[in-house]
Amino acid sequence: MAAIVETLQDVCLLAERMPGISILGSDVSTSEARIRVLSSGAEAIGILQWLASSANATIDPCLAPPADTEIEQVIVARVLPRDGLALGELQILGIHIVWHLHKIGAMNGPDANVLLHKWGATPVGA
């Protein structure tokens with residue numbers, strides 16, 4: 001359970017680095033992690049929904065909002081082994097957030113690659 005909690009904390013800290021995203025809280029069980037998020041603006045909401053769906057996690061509500069919308073959303077990511085990853089969808093979500101943060105210049109290559117290596121994912125270019 002300690003690995004799940006640590007990964008959930010890492011994912012929440014990473015998500016907080018995304019523009020327009022604030023983490024309101026999180027909890028975990030033996031099978032899933034739940035992350036409560038306040039998303040501000042259509043771009044942030046759309047990116048968060050895309051990242052969650054890319055990780056096969058669910059996000060509720062999932063919508064196409066107007067530009068000035070602020071909404072609370074909940075991401076549910078299973079933490080059961082999947083695709084060779086010990087923590088399944090939560091781990092995949094973290095990987096996708098790292099790739100996104102690196103792409104937008106909010107995380108440098110060496111820092112991104114430390115987490116990506118830890119999670120068994122493809123590294124980013126430096």
# chains A, B, ... in the order shown; residues from 1 in each chain; ligands from 1

call {"tool": "residues_around", "arguments": {"residues": "Ile95 in chain A", "least_positions_apart": "3", "cutoff": "10 Å", "atoms": "only C-alpha atoms", "output": "PyMOL selection string"}}
result
chain A and resi 11+14+51+55+89-92+98-101+112-113+115-123

call {"tool": "write_last_selection", "arguments": {"atoms": "C-alpha atoms", "output": "CSV table (one decimal), in the first residue's frame"}}
result
chain,number,residue,atom,x,y,z
A,11,VAL,CA,0.8,12.1,-9.4
A,14,LEU,CA,2.7,16.6,-10.9
A,51,LEU,CA,-4.6,12.7,-20.0
A,55,ALA,CA,-4.4,6.4,-19.0
A,89,GLU,CA,-3.8,3.2,-14.5
A,90,LEU,CA,-2.4,5.4,-11.7
A,91,GLN,CA,1.1,4.8,-12.9
A,92,ILE,CA,0.0,5.3,-16.6
A,98,VAL,CA,5.2,13.8,-16.9
A,99,TRP,CA,5.3,13.6,-20.7
A,100,HIS,CA,2.9,16.5,-20.9
A,101,LEU,CA,4.8,18.6,-18.4
A,112,ALA,CA,11.2,13.8,-16.0
A,113,ASN,CA,13.4,10.8,-16.8
A,115,LEU,CA,10.2,9.5,-12.7
A,116,LEU,CA,9.8,7.8,-16.1
A,117,HIS,CA,12.6,5.4,-15.3
A,118,LYS,CA,11.0,4.7,-11.8
A,119,TRP,CA,7.7,3.9,-13.5
A,120,GLY,CA,9.2,1.9,-16.4
A,121,ALA,CA,8.3,4.3,-19.2
A,122,THR,CA,10.0,5.6,-22.3
A,123,PRO,CA,12.3,8.6,-21.4

call {"tool": "select_by_dssp", "arguments": {"residues": "chain A", "states": "helix (DSSP H, G or I)", "output": "PyMOL selection string"}}
result
chain A and resi 2-16+42-54+88-103+109-118

call {"tool": "residues_around", "arguments": {"residues": "Ile59 in chain A", "least_positions_apart": "2", "cutoff": "12 Å", "atoms": "only C-alpha atoms", "output": "JSON, numbers by chain"}}
result
{"A": [33, 34, 35, 36, 37, 39, 45, 46, 47, 48, 49, 50, 51, 52, 53, 54, 55, 56, 57, 61, 62, 63, 71, 72, 73, 74, 75, 76, 77, 93]}

call {"tool": "closest_residue", "arguments": {"among": "A:Thr7, A:Ala64, A:Ala106, A:Glu43", "to": "Ser26 in chain A", "atoms": "only C-alpha atoms"}}
result
A:Thr7

call {"tool": "closest_residue", "arguments": {"among": "A:Gly94, A:Asp60, A:Thr69, A:Val124", "to": "Asn108 in chain A", "atoms": "only C-alpha atoms"}}
result
A:Val124

call {"tool": "atom_distance", "arguments": {"atom1": "CA of Glu16 in chain A", "atom2": "CA of Ala3 in chain A"}}
result
20.0 Å

call {"tool": "closest_atom_pairs", "arguments": {"of": "range 36-99 of chain A", "to": "range 29-32 of chain A", "cutoff": "6 Å", "atoms": "only C-alpha atoms", "output": "Markdown table"}}
result
| residue | atom | partner | partner_atom | distance |
| --- | --- | --- | --- | --- |
| A:Ala77 | CA | A:Glu32 | CA | 5.5 |
| A:Arg78 | CA | A:Glu32 | CA | 4.0 |
| A:Val79 | CA | A:Glu32 | CA | 5.0 |
| A:Leu80 | CA | A:Ser31 | CA | 5.9 |
